[in-house]
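Pasted below: target_26.cif, mmCIF, C-alpha atoms and all ligand atoms.
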```
data_entry
#
loop_
_atom_site.label_atom_id
_atom_site.label_comp_id
_atom_site.auth_asym_id
_atom_site.auth_seq_id
_atom_site.Cartn_x
_atom_site.Cartn_y
_atom_site.Cartn_z
CA MET S 1 0.00 0.00 0.00
CA LYS S 2 1.22 3.48 -0.82
CA GLU S 3 1.90 5.74 2.17
CA LEU S 4 -0.28 8.86 2.29
CA PRO S 5 1.72 12.11 1.96
CA ALA S 6 1.02 14.90 4.49
CA PHE S 7 0.08 16.99 1.42
CA ALA S 8 -2.84 14.57 0.87
CA GLY S 9 -3.82 14.35 4.56
CA GLY S 10 -1.23 11.89 5.93
CA THR S 11 1.23 12.34 8.81
CA PRO S 12 4.42 14.36 8.08
CA VAL S 13 7.69 12.40 8.02
CA ARG S 14 9.11 14.79 10.65
CA ASP S 15 7.90 17.49 13.05
CA LYS S 16 10.82 19.85 12.81
CA LYS S 17 11.59 21.71 9.60
CA LEU S 18 14.73 20.67 7.75
CA TYR S 19 16.16 23.39 5.46
CA TYR S 20 18.14 22.85 2.30
CA SER S 21 21.36 24.13 3.84
CA HIS S 22 22.83 25.04 7.21
CA GLN S 23 26.31 26.14 8.28
CA TYR S 24 28.45 24.14 10.67
CA ILE S 25 30.35 26.27 13.21
CA ASP S 26 32.39 24.62 15.98
CA GLU S 27 34.25 25.93 19.04
CA LYS S 28 37.48 26.29 17.05
CA ASP S 29 35.73 28.58 14.56
CA ILE S 30 34.33 30.69 17.38
CA ALA S 31 37.71 30.93 19.15
CA ALA S 32 39.39 31.95 15.88
CA VAL S 33 36.99 34.88 15.45
CA VAL S 34 37.19 35.94 19.10
CA ASP S 35 41.01 35.96 18.94
CA VAL S 36 40.87 38.45 16.08
CA LEU S 37 38.48 40.67 18.02
CA LYS S 38 41.05 40.85 20.83
CA SER S 39 43.93 41.59 18.44
CA ASP S 40 45.26 44.80 16.87
CA TYR S 41 43.90 44.24 13.37
CA LEU S 42 40.24 43.90 12.52
CA THR S 43 40.84 44.23 8.80
CA THR S 44 43.77 43.62 6.44
CA GLY S 45 45.66 41.88 9.24
CA PRO S 46 47.67 38.67 9.35
CA HIS S 47 44.68 36.33 8.82
CA ILE S 48 44.14 37.52 5.26
CA THR S 49 47.55 36.27 4.13
CA LYS S 50 47.29 33.13 6.25
CA CYS S 51 43.93 32.26 4.74
CA GLU S 52 45.15 33.04 1.20
CA GLU S 53 48.10 30.68 1.70
CA LYS S 54 45.76 27.97 2.95
CA LEU S 55 43.47 28.43 -0.08
CA CYS S 56 46.51 28.02 -2.35
CA ARG S 57 47.43 24.78 -0.58
CA VAL S 58 43.87 23.43 -0.86
CA THR S 59 43.37 24.35 -4.53
CA GLY S 60 46.88 24.12 -5.99
CA ALA S 61 46.68 27.73 -7.21
CA LYS S 62 49.80 29.92 -7.02
CA HIS S 63 48.01 33.03 -5.78
CA ALA S 64 44.79 33.77 -3.91
CA VAL S 65 43.20 37.17 -3.34
CA LEU S 66 40.61 37.06 -0.59
CA CYS S 67 37.81 39.61 -0.98
CA ALA S 68 34.36 40.68 0.21
CA ASN S 69 32.29 38.02 -1.63
CA ASP S 70 32.14 36.05 -4.88
CA THR S 71 30.25 38.84 -6.63
CA ALA S 72 33.22 41.12 -5.90
CA ALA S 73 35.61 38.33 -6.97
CA LEU S 74 33.83 38.01 -10.34
CA HIS S 75 33.85 41.79 -10.82
CA MET S 76 37.57 41.93 -10.02
CA ALA S 77 38.21 39.03 -12.41
CA VAL S 78 36.49 40.70 -15.38
CA MET S 79 38.24 44.00 -14.59
CA ALA S 80 41.61 42.22 -14.40
CA ALA S 81 40.82 40.48 -17.71
CA GLY S 82 40.25 43.95 -19.21
CA LEU S 83 36.66 43.45 -20.35
CA GLY S 84 34.71 46.52 -21.38
CA PRO S 85 32.01 47.88 -23.71
CA GLY S 86 31.75 45.89 -26.95
CA ASP S 87 33.09 42.70 -25.35
CA GLU S 88 31.08 39.51 -24.78
CA LEU S 89 31.24 37.09 -21.87
CA ILE S 90 29.75 33.61 -22.25
CA THR S 91 28.14 31.94 -19.23
CA THR S 92 25.37 29.53 -18.20
CA PRO S 93 21.80 30.65 -17.44
CA ILE S 94 21.55 28.08 -14.60
CA THR S 95 23.52 30.07 -12.05
CA PHE S 96 23.20 32.86 -9.56
CA ALA S 97 22.85 36.20 -11.36
CA ALA S 98 26.33 37.35 -10.28
CA SER S 99 28.03 35.05 -12.83
CA ALA S 100 26.44 37.11 -15.64
CA ASN S 101 26.12 40.48 -13.89
CA CYS S 102 29.92 40.81 -13.75
CA ALA S 103 29.89 41.44 -17.51
CA LEU S 104 27.28 44.21 -17.13
CA TYR S 105 29.30 45.95 -14.37
CA VAL S 106 32.03 46.72 -16.92
CA GLY S 107 29.75 47.47 -19.86
CA ALA S 108 30.26 44.08 -21.55
CA ARG S 109 27.45 41.79 -22.72
CA PRO S 110 26.62 38.42 -21.16
CA VAL S 111 25.87 35.68 -23.72
CA PHE S 112 24.08 32.58 -22.46
CA ALA S 113 25.22 29.13 -23.61
CA ASP S 114 22.88 26.21 -22.96
CA ILE S 115 23.60 23.41 -20.50
CA ASP S 116 24.34 19.74 -21.01
CA GLU S 117 21.18 17.68 -20.53
CA LYS S 118 22.83 15.16 -18.26
CA THR S 119 25.37 17.06 -16.12
CA TRP S 120 23.45 20.36 -16.08
CA ASN S 121 26.76 22.18 -16.48
CA ILE S 122 27.48 24.58 -19.34
CA ASP S 123 27.82 22.54 -22.56
CA PRO S 124 31.19 23.17 -24.29
CA ALA S 125 29.53 22.60 -27.70
CA CYS S 126 27.07 25.41 -26.86
CA ILE S 127 29.94 27.66 -25.74
CA GLU S 128 31.53 27.16 -29.15
CA LYS S 129 28.29 28.10 -30.93
CA CYS S 130 28.18 31.38 -28.96
CA ILE S 131 31.72 32.46 -29.81
CA THR S 132 32.04 35.62 -31.95
CA PRO S 133 34.95 37.98 -32.67
CA ARG S 134 33.78 39.93 -29.58
CA THR S 135 34.08 37.01 -27.14
CA ARG S 136 36.59 37.93 -24.46
CA ALA S 137 35.75 35.65 -21.53
CA VAL S 138 33.91 32.51 -20.48
CA VAL S 139 32.53 32.20 -16.94
CA ALA S 140 31.89 28.49 -16.33
CA VAL S 141 30.05 27.47 -13.16
CA ASP S 142 30.65 24.11 -11.43
CA TYR S 143 26.93 23.65 -10.96
CA GLY S 144 26.00 22.03 -7.65
CA GLY S 145 29.70 21.38 -7.04
CA GLN S 146 30.64 19.11 -9.90
CA SER S 147 33.43 20.23 -12.15
CA VAL S 148 32.70 21.53 -15.63
CA ASP S 149 34.30 19.63 -18.51
CA GLN S 150 37.73 21.24 -18.00
CA GLU S 151 39.41 19.49 -20.92
CA ALA S 152 36.79 20.62 -23.43
CA ILE S 153 36.76 24.22 -22.13
CA LEU S 154 40.57 24.41 -22.10
CA ALA S 155 40.61 23.12 -25.70
CA LEU S 156 38.19 25.92 -26.70
CA LYS S 157 40.34 28.46 -24.85
CA GLU S 158 43.37 27.24 -26.82
CA LYS S 159 41.42 27.57 -30.09
CA TYR S 160 39.72 30.95 -29.49
CA GLY S 161 41.94 32.66 -26.90
CA PHE S 162 39.32 33.85 -24.40
CA VAL S 163 39.99 34.39 -20.70
CA TYR S 164 38.68 31.40 -18.79
CA ILE S 165 37.06 32.37 -15.47
CA GLU S 166 35.67 29.52 -13.38
CA ASP S 167 32.93 30.43 -10.90
CA ALA S 168 33.69 27.81 -8.27
CA ALA S 169 31.21 29.14 -5.71
CA HIS S 170 29.85 25.57 -5.39
CA SER S 171 32.90 23.46 -5.86
CA ILE S 172 35.62 23.99 -3.27
CA GLY S 173 37.09 20.53 -2.57
CA THR S 174 36.05 19.07 -5.93
CA CYS S 175 38.74 17.50 -8.12
CA TYR S 176 38.81 16.94 -11.88
CA LYS S 177 41.03 14.07 -13.02
CA GLY S 178 42.90 14.22 -9.72
CA LYS S 179 43.54 17.97 -9.65
CA PRO S 180 41.54 20.35 -7.45
CA VAL S 181 39.22 23.02 -8.83
CA GLY S 182 41.29 26.21 -8.76
CA SER S 183 44.12 24.82 -10.87
CA PHE S 184 42.43 24.96 -14.30
CA ALA S 185 41.07 28.40 -15.21
CA ASP S 186 42.97 31.67 -15.70
CA MET S 187 41.05 32.88 -12.67
CA THR S 188 38.84 30.84 -10.34
CA THR S 189 36.42 32.61 -8.04
CA MET S 190 34.95 31.30 -4.79
CA SER S 191 32.17 32.19 -2.38
CA PHE S 192 32.21 31.89 1.40
CA HIS S 193 28.59 32.94 1.84
CA ALA S 194 26.76 31.34 4.77
CA VAL S 195 25.11 28.58 2.70
CA LYS S 196 28.26 27.50 0.87
CA THR S 197 30.50 24.55 1.88
CA ILE S 198 33.06 26.82 3.63
CA THR S 199 31.79 30.03 5.17
CA GLY S 200 33.00 33.32 6.57
CA GLY S 201 29.44 34.67 6.85
CA GLU S 202 30.33 36.50 3.65
CA GLY S 203 33.55 36.25 1.71
CA GLY S 204 35.09 35.46 -1.64
CA ALA S 205 38.37 34.88 -3.42
CA VAL S 206 40.04 34.94 -6.82
CA LEU S 207 42.68 32.30 -7.49
CA THR S 208 45.24 32.59 -10.28
CA ASP S 209 48.64 31.27 -11.34
CA ASP S 210 49.33 34.39 -13.41
CA GLU S 211 51.66 36.89 -11.76
CA SER S 212 50.40 39.91 -13.70
CA LEU S 213 46.72 39.11 -13.08
CA TYR S 214 47.58 38.65 -9.40
CA ARG S 215 49.13 42.11 -9.16
CA LYS S 216 46.09 43.64 -10.88
CA LEU S 217 43.70 41.81 -8.54
CA LEU S 218 45.50 43.19 -5.48
CA LEU S 219 45.02 46.72 -6.84
CA LEU S 220 41.39 46.08 -7.75
CA ARG S 221 40.58 44.87 -4.24
CA THR S 222 41.40 48.21 -2.73
CA HIS S 223 40.50 51.34 -4.74
CA GLY S 224 43.21 50.84 -7.38
CA ILE S 225 45.66 52.12 -4.77
CA THR S 226 49.25 50.89 -4.54
CA ARG S 227 51.90 51.22 -1.84
CA ASP S 228 54.52 49.46 -3.96
CA PRO S 229 57.09 52.02 -5.24
CA LYS S 230 57.67 49.81 -8.29
CA GLN S 231 54.06 50.39 -9.41
CA MET S 232 54.15 54.15 -8.80
CA VAL S 233 54.40 56.93 -11.35
CA TYR S 234 56.14 59.41 -8.97
CA GLU S 235 58.89 59.17 -6.40
CA PRO S 236 57.28 58.68 -2.96
CA ASP S 237 57.08 61.93 -0.94
CA GLY S 238 57.66 59.95 2.25
CA PRO S 239 56.69 56.76 4.09
CA TRP S 240 53.00 57.78 4.09
CA TYR S 241 52.88 58.01 0.32
CA TYR S 242 50.62 55.88 -1.87
CA GLU S 243 49.15 56.30 -5.33
CA GLN S 244 45.85 55.55 -6.98
CA VAL S 245 46.72 54.12 -10.40
CA ALA S 246 43.37 52.52 -11.38
CA LEU S 247 39.69 52.94 -10.52
CA ALA S 248 38.27 50.21 -8.29
CA PRO S 249 35.86 49.69 -5.38
CA ASN S 250 36.72 48.65 -1.85
CA TYR S 251 36.29 44.87 -1.97
CA ARG S 252 38.32 44.01 1.13
CA ILE S 253 37.30 41.41 3.67
CA THR S 254 37.73 41.64 7.46
CA ASP S 255 40.26 39.67 9.48
CA MET S 256 37.40 38.12 11.48
CA GLN S 257 36.00 36.61 8.29
CA ALA S 258 39.44 35.49 7.10
CA ALA S 259 40.06 33.76 10.45
CA LEU S 260 36.70 32.01 10.21
CA ILE S 261 37.28 30.87 6.61
CA SER S 262 40.76 29.67 7.61
CA SER S 263 39.38 27.65 10.50
CA GLN S 264 36.60 26.23 8.33
CA LEU S 265 39.12 25.16 5.65
CA ASP S 266 40.65 22.76 8.20
CA LYS S 267 37.34 20.90 8.15
CA LEU S 268 37.04 20.71 4.35
CA PRO S 269 38.16 17.04 4.17
CA ALA S 270 35.54 16.09 6.77
CA PHE S 271 32.86 18.25 5.10
CA GLY S 272 33.65 16.66 1.74
CA ALA S 273 33.65 13.08 3.03
CA ARG S 274 30.30 13.46 4.78
CA LYS S 275 28.67 15.17 1.81
CA LYS S 276 29.90 12.38 -0.49
CA GLU S 277 28.36 9.84 1.88
CA ILE S 278 24.98 11.60 1.83
CA VAL S 279 25.04 12.03 -1.95
CA LYS S 280 25.78 8.31 -2.39
CA LYS S 281 22.75 7.41 -0.25
CA TYR S 282 20.54 9.88 -2.12
CA ASN S 283 21.69 8.64 -5.54
CA GLU S 284 21.05 5.02 -4.57
CA ALA S 285 17.56 5.79 -3.28
CA PHE S 286 16.44 8.21 -5.98
CA SER S 287 17.80 6.47 -9.04
CA LYS S 288 15.26 3.72 -8.31
CA LEU S 289 12.32 6.11 -8.57
CA PRO S 290 10.82 6.46 -12.07
CA GLY S 291 9.50 9.90 -11.11
CA CYS S 292 12.94 11.46 -10.85
CA VAL S 293 16.25 11.90 -12.60
CA VAL S 294 19.56 12.37 -10.78
CA GLN S 295 22.37 14.65 -11.92
CA GLU S 296 25.01 12.75 -13.88
CA GLU S 297 28.66 13.25 -13.00
CA THR S 298 30.92 15.02 -15.47
CA LYS S 299 33.50 12.43 -16.55
CA GLY S 300 36.54 12.94 -14.34
CA SER S 301 34.83 14.94 -11.58
CA ASP S 302 35.35 13.76 -8.00
CA THR S 303 32.67 15.97 -6.55
CA VAL S 304 32.10 17.68 -3.22
CA ARG S 305 28.52 18.80 -3.73
CA HIS S 306 27.19 22.13 -2.58
CA LEU S 307 23.65 21.39 -3.80
CA TYR S 308 21.72 18.19 -4.28
CA VAL S 309 19.22 18.87 -7.03
CA LEU S 310 16.43 16.45 -7.88
CA ARG S 311 14.86 16.58 -11.28
CA ILE S 312 11.36 15.22 -11.79
CA ASN S 313 10.39 13.13 -14.77
CA PRO S 314 7.00 14.61 -15.74
CA GLN S 315 6.10 11.56 -17.85
CA HIS S 316 5.96 9.41 -14.73
CA LEU S 317 4.32 11.85 -12.33
CA SER S 318 0.84 13.25 -11.95
CA ILE S 319 2.20 16.35 -10.17
CA GLY S 320 4.65 19.03 -11.25
CA ARG S 321 7.61 20.66 -9.52
CA ARG S 322 5.44 23.23 -7.73
CA GLN S 323 3.25 20.56 -6.08
CA LEU S 324 6.31 18.47 -5.23
CA PHE S 325 7.83 21.52 -3.52
CA ASP S 326 4.65 21.99 -1.49
CA ALA S 327 4.28 18.25 -0.78
CA LEU S 328 7.85 18.01 0.60
CA GLY S 329 7.20 21.20 2.57
CA ALA S 330 4.19 19.50 4.15
CA GLU S 331 6.58 16.70 5.25
CA ASN S 332 8.74 19.49 6.80
CA ILE S 333 11.45 19.11 4.19
CA ILE S 334 11.98 22.70 3.06
CA CYS S 335 13.37 22.78 -0.46
CA ASN S 336 14.58 25.52 -2.76
CA VAL S 337 15.16 25.99 -6.48
CA HIS S 338 18.59 26.74 -8.01
CA TYR S 339 18.28 28.56 -10.32
CA ILE S 340 15.79 30.68 -12.24
CA PRO S 341 17.46 31.12 -15.66
CA VAL S 342 19.26 34.47 -15.35
CA TYR S 343 17.78 35.92 -18.55
CA TYR S 344 14.21 35.39 -17.20
CA PHE S 345 14.72 38.36 -14.87
CA PRO S 346 12.96 41.59 -15.87
CA TYR S 347 16.28 43.43 -15.79
CA TYR S 348 17.62 41.10 -18.48
CA GLU S 349 14.37 41.20 -20.46
CA LYS S 350 14.75 44.97 -20.66
CA LEU S 351 18.21 44.42 -22.13
CA GLY S 352 16.60 42.38 -24.91
CA TYR S 353 17.05 38.77 -23.76
CA LYS S 354 14.10 36.54 -24.68
CA ARG S 355 12.75 33.27 -23.33
CA GLY S 356 13.53 30.28 -25.51
CA LEU S 357 17.24 31.10 -25.69
CA CYS S 358 18.46 27.95 -23.89
CA PRO S 359 15.82 25.17 -24.11
CA ASN S 360 17.72 22.62 -21.98
CA ALA S 361 18.18 25.14 -19.19
CA GLU S 362 14.53 26.19 -19.33
CA ARG S 363 13.29 22.59 -19.16
CA LEU S 364 15.60 21.86 -16.23
CA TYR S 365 14.31 24.93 -14.41
CA ASP S 366 10.72 23.67 -14.74
CA GLU S 367 11.63 20.28 -13.31
CA MET S 368 14.24 20.88 -10.60
CA LEU S 369 14.21 21.07 -6.84
CA THR S 370 17.07 21.45 -4.33
CA ILE S 371 16.70 19.11 -1.36
CA PRO S 372 18.66 19.37 1.92
CA LEU S 373 22.38 18.65 1.79
CA PHE S 374 24.83 19.91 4.40
CA TYR S 375 27.56 18.55 6.63
CA ALA S 376 25.64 18.81 9.90
CA MET S 377 22.73 16.63 8.73
CA THR S 378 22.22 13.60 10.97
CA ASP S 379 21.64 10.10 9.58
CA GLN S 380 18.04 10.53 10.71
CA ASP S 381 17.74 13.76 8.68
CA VAL S 382 19.08 11.95 5.61
CA ASP S 383 16.65 9.07 6.13
CA ASP S 384 13.78 11.54 6.57
CA VAL S 385 14.56 13.20 3.23
CA ILE S 386 14.75 9.84 1.45
CA HIS S 387 11.53 8.72 3.14
CA ALA S 388 9.67 11.92 2.25
CA VAL S 389 10.84 12.05 -1.39
CA THR S 390 10.11 8.35 -1.91
CA LYS S 391 6.69 8.65 -0.27
CA VAL S 392 5.61 11.64 -2.34
CA LEU S 393 7.05 10.49 -5.68
CA THR S 394 5.63 6.98 -5.29
CA TYR S 395 2.20 8.26 -4.33
CA TYR S 396 1.98 10.55 -7.36
CA GLU S 397 3.55 8.10 -9.82
CA LYS S 398 1.62 7.69 -13.06
C1 LIG H 1 26.63 32.16 -4.19
C2 LIG H 1 27.03 32.34 -5.61
C3 LIG H 1 27.56 33.54 -6.09
C4 LIG H 1 27.62 34.79 -5.29
O1 LIG H 1 28.41 34.64 -4.18
P1 LIG H 1 28.44 35.80 -3.07
O2 LIG H 1 29.63 35.37 -2.25
O3 LIG H 1 27.15 35.70 -2.33
O4 LIG H 1 28.63 37.08 -3.76
C5 LIG H 1 27.99 33.60 -7.41
N1 LIG H 1 27.90 32.54 -8.21
C6 LIG H 1 27.37 31.38 -7.80
C7 LIG H 1 27.28 30.23 -8.75
C8 LIG H 1 26.90 31.25 -6.48
O5 LIG H 1 26.33 30.12 -6.08
#
```

Output the file's structure in the form of structure tokens.
Amino acid sequence: MKELPAFAGGTPVRDKKLYYSHQYIDEKDIAAVVDVLKSDYLTTGPHITKCEEKLCRVTGAKHAVLCANDTAALHMAVMAAGLGPGDELITTPITFAASANCALYVGARPVFADIDEKTWNIDPACIEKCITPRTRAVVAVDYGGQSVDQEAILALKEKYGFVYIEDAAHSIGTCYKGKPVGSFADMTTMSFHAVKTITGGEGGAVLTDDESLYRKLLLLRTHGITRDPKQMVYEPDGPWYYEQVALAPNYRITDMQAALISSQLDKLPAFGARKKEIVKKYNEAFSKLPGCVVQEETKGSDTVRHLYVLRINPQHLSIGRRQLFDALGAENIICNVHYIPVYYFPYYEKLGYKRGLCPNAERLYDEMLTIPLFYAMTDQDVDDVIHAVTKVLTYYEK
């Protein structure tokens, strides 16, 4: 007999709401932040450099520039790449708006390439179709945490000579063919927002192996101001002297945040291992259900997921995504949707983008749902999610 979902009058799987993500903060994290508060430097202190060095060790990048958030990191990356009016930047529509907005900040135009039907990452063949003489950059997003097809994107970069920026907001800890995310693109950006795998409350970073990009990024983080006599136009007037040599915002991060990110990075192996365990259980349970489709791994990606996204198969279900969202909510499993295709937003419509641009992305958007996945989930939480999803999808199976 099929179990009755709470949505149809049955008893909810759990009493307490379970959200799609939650941070994990331990005593070490708290002590790290408190130590900074008792120290001399609240911003631009020793924890910035310490955290940047740690990020380089974790990702294999030569340089890391810690900054206010990933949106700032993306803005700095496109400024460092020299994008401006008349230039085009290719990205995926299934991302947070910041991955495309960075082009608009500098007067360039975002161009949306469709996603791969199986991995839900940007499809390299679609990137190639979008390339024009104006293409200056590609922002590829490791959607949900799994690596994009690095080999294919690097081959396109070789052929067309664009700047490859990887938005790795979801993918810290993920490896592609044995090498960590952060060691592939010209610049890789990261987010340490509260819902992401590693958090500083807010925070971001740009990683690069390129010395000249690194020097530009340091300038762009802080008003385009330099204190390095080698970068100055004039002889310093004295020890107080500095020069503004470019125009840039203040995208610095505090030492409290850097200390928190640093402390969190020590837990990345544990975070990754636990998330892999949960994903394995989810994949085993959900791949048996005709009503849903699980995200396929990019070949070569050893993934630390940030999001676990379920896709419904409408042919086998009598309900749609909206009802599934409500039905899981009634079981106290609070889901989310990542993402609304960026060019659906009114702001983008006003710029001339039309629906129908990326059919695979649009279909995925209609059918997807983000279910809970985070380090601090208990085994009971995981079982509750599997129970609730199975109950609802089985009940509404066609
Ligand atoms: C979270 C996120 C961002 C923005 O990060 P912030 O640190 O909040 O600015 C950008 N891109 C993607 C793919 C994200 O998930």

Which polymer residues have any atom within 12 Å of an atom of Asp26 in chain S, counting all atoms listed in the file, with same-chain residues fewer than 6 positions away left out, as a list in words?
Ala32, Val33, Leu260, Ser263, Gln264, Asp266, Lys267 and Ala376 of chain S

Within 9 Å of ligand LIG 1 (chain H), counting only C-alpha atoms and all ligand atoms, which protein or nucleic acid residues do you find, written as a VMD selection string?
chain S and resid 68 to 74 94 to 100 141 to 144 167 to 170 189 to 196 202 to 205 306 338

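Counting from CA of Lys54 in chain S, the distance to CA of Ser262 in chain S is 7.0 Å.
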
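Distance annotation: of S:Val65, S:Leu364, S:Val36, S:Leu89, the residue with the minimal separation from Leu213 in chain S is S:Val65; atom set is all atoms listed in the file.
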
Quick one: residues within 8 Å of Ile333 in chain S, only C-alpha atoms counted, chain neighbours fewer than 5 positions away excluded, as a PyMOL selection string?
chain S and resi 17-20+328+371-372+385+388

For Arg252 in chain S, find every residue with an atom within 8 Å (counting all atoms listed in the file), except residues of its own chain fewer than 3 positions away, and show them as a PyMOL selection string.
chain S and resi 44+66-68+221-222

Out of S:Met1, S:Leu265, S:Ala113, S:Cys292, which residue has the shortest atom-to-atom distance to Glu53 in chain S when counting all atoms listed in the file?
S:Leu265

Residue nearest Gly107 in chain S - candidates S:Lys129, S:Pro124, S:Trp240, S:Gly84, atoms counted: all atoms listed in the file:
S:Gly84

As AutoDock Vina command-line options, please report the centre and edge lengths, rounded to one decimal in Å, of the axis-aligned box that holds all listed atoms of range 37-44 of chain S with 8 Å of padding on each of the six sides.
```
--center_x 41.9 --center_y 42.7 --center_z 13.6 --size_x 22.8 --size_y 20.1 --size_z 30.4
```

What's the 9 Å shell around Gly329 in chain S, counting all atoms listed in the file, without same-chain residues fewer than 5 positions away, as a PDB file with C-alpha atoms, in the coordinates of the input?
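Generated file (out27.pdb):
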```pdb
ATOM      1  CA  PHE S   7       0.080  16.990   1.420  1.00  0.00           C
ATOM      2  CA  LYS S  17      11.590  21.710   9.600  1.00  0.00           C
ATOM      3  CA  LEU S 324       6.310  18.470  -5.230  1.00  0.00           C
ATOM      4  CA  ILE S 334      11.980  22.700   3.060  1.00  0.00           C
ATOM      5  CA  CYS S 335      13.370  22.780  -0.460  1.00  0.00           C
TER       6      CYS S 335
END
```

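Counting from CA of Leu357 in chain S, the distance to CA of Leu317 in chain S is 26.8 Å.
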
For Tyr105 in chain S, find every residue with an atom within 9 Å (counting only C-alpha atoms), except residues of its own chain fewer than 2 positions away, and show them as a ChimeraX atom specification.
/S:75,78,84,101-103,107-108

Considering only C-alpha atoms, state which residue in the set S:Cys175, S:Ile312, S:Gly161, S:Leu207 is at the smallest distance from Phe325 in chain S.
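For Phe325 in chain S, the nearest of the given residues is S:Ile312.
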
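With CA of His223 in chain S on one side and CA of Ile165 in chain S on the other, the separation reads 22.1 Å.
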
Considering all atoms listed in the file, can you say which of S:Leu369, S:Leu351, S:Val233, S:Val181 comes closest to Thr303 in chain S?
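Closest to Thr303 in chain S of all the choices is S:Val181.
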
Selected residue of minimal separation from Thr394 in chain S among S:Asp228, S:Glu284, S:Glu3, S:Asp114, counting only C-alpha atoms
S:Glu3

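At a cut-off of 8 Å from (41.3, 26.2, -15.9), the residue set is Gln150, Ile153, Leu154, Tyr164, Ile165, Glu166, Gly182, Ser183, Phe184, Ala185, Asp186, Met187 and Thr188 of chain S (counting all atoms listed in the file).
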
Every residue with an atom at most 7 Å from (31.1, 43.7, -27.7) (file coordinates; all atoms listed in the file) is what I'm after, so could you write them as a list in words?
Pro85, Gly86, Asp87, Glu88, Ala108, Arg109 and Arg134 of chain S

Reconstructed range 177-181 of chain S, atom set all heavy atoms, as a tab-separated table (two decimals), in the coordinates of the input:
```
chain	number	residue	atom	x	y	z
S	177	LYS	N	39.90	14.92	-12.64
S	177	LYS	CA	41.03	14.07	-13.02
S	177	LYS	C	42.20	14.23	-12.04
S	177	LYS	O	43.35	14.43	-12.45
S	177	LYS	CB	41.45	14.34	-14.47
S	177	LYS	CG	40.28	14.10	-15.42
S	177	LYS	CD	40.68	13.78	-16.83
S	177	LYS	CE	39.45	13.29	-17.60
S	177	LYS	NZ	39.61	13.31	-19.04
S	178	GLY	N	41.87	14.22	-10.75
S	178	GLY	CA	42.90	14.22	-9.72
S	178	GLY	C	43.42	15.58	-9.29
S	178	GLY	O	44.15	15.69	-8.31
S	179	LYS	N	43.05	16.63	-10.03
S	179	LYS	CA	43.54	17.97	-9.65
S	179	LYS	C	42.39	18.83	-9.13
S	179	LYS	O	41.29	18.83	-9.69
S	179	LYS	CB	44.16	18.67	-10.87
S	179	LYS	CG	45.62	18.26	-11.11
S	179	LYS	CD	46.13	18.79	-12.44
S	179	LYS	CE	46.22	20.31	-12.48
S	179	LYS	NZ	46.58	20.81	-13.82
S	180	PRO	N	42.63	19.58	-8.04
S	180	PRO	CA	41.54	20.35	-7.45
S	180	PRO	C	41.06	21.51	-8.33
S	180	PRO	O	41.86	22.11	-9.07
S	180	PRO	CB	42.12	20.88	-6.14
S	180	PRO	CG	43.59	20.74	-6.25
S	180	PRO	CD	43.89	19.70	-7.28
S	181	VAL	N	39.79	21.81	-8.23
S	181	VAL	CA	39.22	23.02	-8.83
S	181	VAL	C	40.02	24.21	-8.29
S	181	VAL	O	40.29	24.29	-7.09
S	181	VAL	CB	37.73	23.12	-8.44
S	181	VAL	CG1	37.23	24.53	-8.51
S	181	VAL	CG2	36.91	22.18	-9.31
```
